[in-house]
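**Student:** Input coords_27.cif, format and content: mmCIF, C-alpha atoms.
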data_entry
loop_
_atom_site.label_atom_id
_atom_site.label_comp_id
_atom_site.auth_asym_id
_atom_site.auth_seq_id
_atom_site.Cartn_x
_atom_site.Cartn_y
_atom_site.Cartn_z
CA MET A 1 195.71 59.23 -167.69
CA SER A 2 192.26 60.73 -167.48
CA LEU A 3 190.23 60.29 -164.30
CA ARG A 4 186.96 60.03 -166.22
CA PRO A 5 187.36 56.33 -167.29
CA LEU A 6 188.41 55.43 -163.75
CA LEU A 7 185.42 57.27 -162.29
CA ILE A 8 183.06 55.48 -164.70
CA LEU A 9 184.56 52.09 -163.83
CA VAL A 10 184.21 52.72 -160.08
CA SER A 11 180.61 53.95 -160.53
CA VAL A 12 179.63 50.88 -162.53
CA GLY A 13 181.26 48.63 -159.94
CA LEU A 14 179.38 50.32 -157.12
CA LEU A 15 176.06 50.10 -158.95
CA ALA A 16 176.59 46.42 -159.71
CA GLY A 17 177.40 45.75 -156.06
CA CYS A 18 174.30 47.65 -154.90
CA SER A 19 172.02 45.73 -157.24
CA SER A 20 173.18 42.27 -156.21
CA ASN A 21 170.94 39.97 -154.23
CA ALA A 22 173.46 39.74 -151.41
CA VAL A 23 171.66 42.37 -149.29
CA HIS A 24 170.57 40.88 -146.00
CA SER A 25 168.77 42.41 -143.05
CA PRO A 26 168.54 40.72 -139.64
CA GLY A 27 165.15 39.12 -139.26
CA ALA A 28 164.10 39.83 -142.86
CA VAL A 29 162.84 37.08 -145.10
CA ALA A 30 163.18 37.96 -148.76
CA THR A 31 160.52 36.17 -150.77
CA GLY A 32 160.19 38.38 -153.82
CA PRO A 33 161.80 41.18 -155.76
CA ARG A 34 163.48 43.93 -153.80
CA ARG A 35 162.56 47.55 -154.43
CA ALA A 36 164.30 50.73 -153.36
CA GLN A 37 162.18 53.75 -152.48
CA GLN A 38 163.29 57.33 -152.00
CA HIS A 39 161.57 59.86 -149.80
CA GLU A 40 163.22 63.27 -149.58
CA SER A 41 166.84 62.47 -148.70
CA SER A 42 166.16 58.95 -147.37
CA PHE A 43 166.25 55.65 -149.21
CA TYR A 44 164.37 52.56 -148.06
CA LEU A 45 164.92 49.00 -149.21
CA ASP A 46 161.61 47.17 -149.31
CA LEU A 47 162.14 43.52 -148.42
CA PRO A 48 158.95 41.50 -148.87
CA ALA A 49 158.22 39.94 -145.52
CA GLU A 50 156.28 37.02 -144.25
CA PRO A 51 154.59 37.40 -140.90
CA GLY A 52 156.64 36.04 -138.06
CA LEU A 53 155.16 33.25 -135.99
CA HIS A 54 156.23 32.70 -132.41
CA SER A 55 154.89 29.62 -130.61
CA THR A 56 155.09 28.56 -126.97
CA ARG A 57 153.76 25.45 -125.27
CA LEU A 58 151.76 26.24 -122.11
CA ALA A 59 150.17 24.10 -119.43
CA GLY A 60 146.41 24.45 -119.58
CA THR A 61 143.57 24.10 -122.03
CA PRO A 62 142.71 26.74 -124.64
CA GLN A 63 139.51 27.44 -122.66
CA LEU A 64 141.57 28.25 -119.55
CA LEU A 65 144.24 30.26 -121.39
CA TYR A 66 142.05 32.32 -123.74
CA PRO A 67 141.00 34.93 -121.14
CA LEU A 68 144.64 35.14 -120.00
CA VAL A 69 145.70 36.07 -123.55
CA ALA A 70 143.07 38.83 -123.57
CA ALA A 71 144.40 40.06 -120.21
CA ALA A 72 147.96 40.05 -121.58
CA TYR A 73 146.92 42.20 -124.56
CA ASP A 74 145.17 44.59 -122.16
CA ALA A 75 148.25 44.81 -119.92
CA LEU A 76 150.41 45.60 -122.95
CA GLY A 77 148.02 48.33 -124.14
CA ILE A 78 146.99 46.54 -127.32
CA PRO A 79 143.25 46.86 -127.99
CA ILE A 80 141.57 43.67 -129.15
CA GLU A 81 139.65 44.17 -132.40
CA THR A 82 139.64 40.60 -133.73
CA ILE A 83 137.86 37.93 -131.69
CA GLN A 84 137.15 34.40 -132.88
CA SER A 85 136.19 32.51 -129.73
CA SER A 86 135.45 29.27 -131.59
CA THR A 87 139.08 29.02 -132.77
CA TYR A 88 140.64 30.71 -129.70
CA LEU A 89 142.04 33.53 -131.83
CA LEU A 90 142.23 37.20 -130.89
CA GLY A 91 144.25 40.22 -131.85
CA ASN A 92 144.33 43.48 -133.71
CA GLU A 93 145.00 43.45 -137.44
CA ALA A 94 145.30 47.24 -137.80
CA PHE A 95 147.07 48.39 -134.61
CA ARG A 96 148.81 51.76 -134.94
CA ALA A 97 151.96 51.47 -132.89
CA GLY A 98 153.50 54.40 -131.07
CA LEU A 99 157.17 54.68 -130.19
CA ARG A 100 156.63 51.88 -127.65
CA VAL A 101 154.42 48.79 -127.79
CA GLY A 102 153.85 46.91 -124.57
CA GLY A 103 156.74 48.76 -122.97
CA ILE A 104 159.12 47.77 -125.82
CA ALA A 105 160.64 50.27 -128.26
CA VAL A 106 158.93 49.82 -131.63
CA SER A 107 162.37 49.43 -133.25
CA SER A 108 162.85 46.33 -131.06
CA VAL A 109 159.44 44.98 -132.15
CA VAL A 110 159.82 45.33 -135.94
CA ALA A 111 162.54 46.05 -138.48
CA CYS A 112 161.38 48.42 -141.22
CA GLY A 113 164.70 49.25 -142.81
CA ALA A 114 166.90 52.20 -142.00
CA ALA A 115 166.85 55.76 -143.19
CA VAL A 116 169.46 58.47 -143.12
CA SER A 117 167.23 60.27 -140.63
CA GLY A 118 167.12 57.27 -138.24
CA VAL A 119 165.77 53.77 -137.74
CA GLY A 120 162.84 53.15 -140.09
CA ALA A 121 160.56 51.88 -137.31
CA GLU A 122 161.09 55.06 -135.27
CA SER A 123 160.73 57.58 -138.08
CA ASN A 124 157.53 56.19 -139.62
CA VAL A 125 153.93 55.43 -138.72
CA ILE A 126 153.84 51.69 -138.01
CA THR A 127 150.70 49.59 -138.41
CA LEU A 128 150.85 46.09 -136.96
CA SER A 129 148.77 43.03 -137.74
CA LEU A 130 148.99 41.00 -134.55
CA THR A 131 147.02 37.85 -133.75
CA THR A 132 147.37 35.16 -131.10
CA GLN A 133 145.77 31.74 -131.31
CA LEU A 134 145.61 28.80 -128.92
CA ARG A 135 145.56 25.19 -130.14
CA PRO A 136 145.12 22.13 -127.93
CA LEU A 137 148.13 19.84 -127.52
CA GLY A 138 146.48 17.05 -125.61
CA ALA A 139 144.34 17.07 -122.49
CA ASP A 140 146.35 19.52 -120.39
CA SER A 141 148.45 21.77 -122.65
CA ALA A 142 148.08 24.21 -125.52
CA LEU A 143 150.23 25.87 -128.15
CA LEU A 144 150.12 29.68 -128.00
CA SER A 145 151.05 31.06 -131.44
CA THR A 146 151.41 34.77 -132.12
CA SER A 147 151.74 36.13 -135.64
CA LEU A 148 153.07 39.63 -136.31
CA ALA A 149 153.50 41.57 -139.53
CA GLY A 150 153.74 45.30 -140.04
CA THR A 151 153.92 48.14 -142.49
CA ALA A 152 155.53 51.56 -142.27
CA ARG A 153 154.53 54.86 -143.88
CA THR A 154 156.26 58.18 -143.54
CA MET A 155 154.97 60.36 -140.70
CA LYS A 156 154.03 63.06 -143.19
CA GLY A 157 151.90 60.52 -145.04
CA VAL A 158 153.47 61.32 -148.40
CA ASN A 159 154.69 57.78 -149.09
CA SER A 160 151.82 56.04 -150.84
CA ASN A 161 153.70 52.72 -150.88
CA PRO A 162 153.95 51.16 -147.45
CA VAL A 163 157.23 49.48 -146.54
CA ARG A 164 156.87 46.01 -145.08
CA CYS A 165 158.31 45.42 -141.63
CA THR A 166 159.61 42.14 -140.26
CA THR A 167 159.22 41.02 -136.70
CA ARG A 168 162.11 40.84 -134.28
CA GLY A 169 160.17 38.48 -131.98
CA ALA A 170 160.23 40.68 -128.88
CA LEU A 171 156.50 41.43 -128.72
CA GLU A 172 155.52 37.82 -129.35
CA GLU A 173 157.82 36.72 -126.52
CA ARG A 174 156.39 39.42 -124.27
CA ILE A 175 152.82 38.22 -124.91
CA ALA A 176 153.83 34.64 -124.04
CA GLU A 177 155.56 35.87 -120.86
CA GLU A 178 152.47 37.85 -119.82
CA VAL A 179 150.20 34.82 -120.35
CA GLN A 180 152.63 32.58 -118.43
CA LYS A 181 152.79 35.10 -115.58
CA ARG A 182 149.00 35.18 -115.31
CA LEU A 183 148.84 31.39 -115.50
CA THR A 184 151.18 30.96 -112.52
CA THR A 185 149.30 33.53 -110.44
CA SER A 186 145.80 32.15 -111.16
#
Let me see the structure of the file written as structure tokens.
**Tutor:**
Amino acid sequence: MSLRPLLILVSVGLLAGCSSNAVHSPGAVATGPRRAQQHESSFYLDLPAEPGLHSTRLAGTPQLLYPLVAAAYDALGIPIETIQSSTYLLGNEAFRAGLRVGGIAVSSVVACGAAVSGVGAESNVITLSLTTQLRPLGADSALLSTSLAGTARTMKGVNSNPVRCTTRGALEERIAEEVQKRLTTS
């Protein structure tokens, strides 16, 4: 018996398995077609992502909490570039993340796929779109909602197609903790 037909059968089986829609990534939300990208010897699976939204109920009015959110961003080293005081929204929609954001490893903040050379979030330039908004929930409480989405590009800048990153929720939780900490000490 020739090995060639067996090799072809195994190859077809592997390709069919790789092209199925059963690929899942923790924290990823697939909302559209998947696309594989190759850069040098690494392959990336681009999973279209929706921004993550993390919400926390806090005691206090949006007017009271808004400066505390700004202080939390400052403490975490995230410059505020977006300010909409009338809607109690602030953030940075083009924040270039380093290896750590707010004291958290970037790979714990977002999932950008994995490469042979390492975790996608640690081997790429990550740009985050991060906004926090306060909404009143009655006379003495507010809902703090933080939205995070990101994209990754190769460090060499040769990948013209950014890979979408999904949030892991750690930074959003950290922002809420920082606001809560400032609320209890004020």
**Student:** Between A:Ile126, A:Ala142, A:Leu68, A:Ile83, which residue has the minimum interatomic distance to Val101 (chain A), considering all atoms listed in the file?
**Tutor:**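 Among the listed residues, the smallest separation from Val101 (chain A) belongs to A:Ile126.
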**Student:** Skipping near chain neighbours, those fewer than 3 positions away, what residues fall within 12 Å of Val69 (chain A) using only C-alpha atoms, listed as a PyMOL selection string?
**Tutor:** chain A and resi 58+62-66+72-76+78-80+83+85+88-91+131-134+144-146+172+174-183
**Student:** Which value, in Å to one decimal, gives the distance between CA of Ser141 (chain A) and CA of Glu173 (chain A)?
**Tutor:**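 The value is 18.1 Å.
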**Student:** Measuring between all atoms listed in the file, which one of A:Ala94, A:Ala59, A:Val125, A:Leu143 shows the shortest distance to Ser107 (chain A)?
**Tutor:**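 Using all atoms listed in the file, the shortest distance to Ser107 (chain A) belongs to A:Val125.
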**Student:** Which residues fall under the PyMOL selection byres ((chain A and resi 99) around 10) in this file, as a list in words?
**Tutor:**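 That selection, the PyMOL selection byres ((chain A and resi 99) around 10), comes back as Ala97, Gly98, Arg100, Val101, Gly103, Ile104, Ala105, Val106, Ser107, Ala121, Glu122, Ser123, Asn124, Val125 and Ile126 of chain A.
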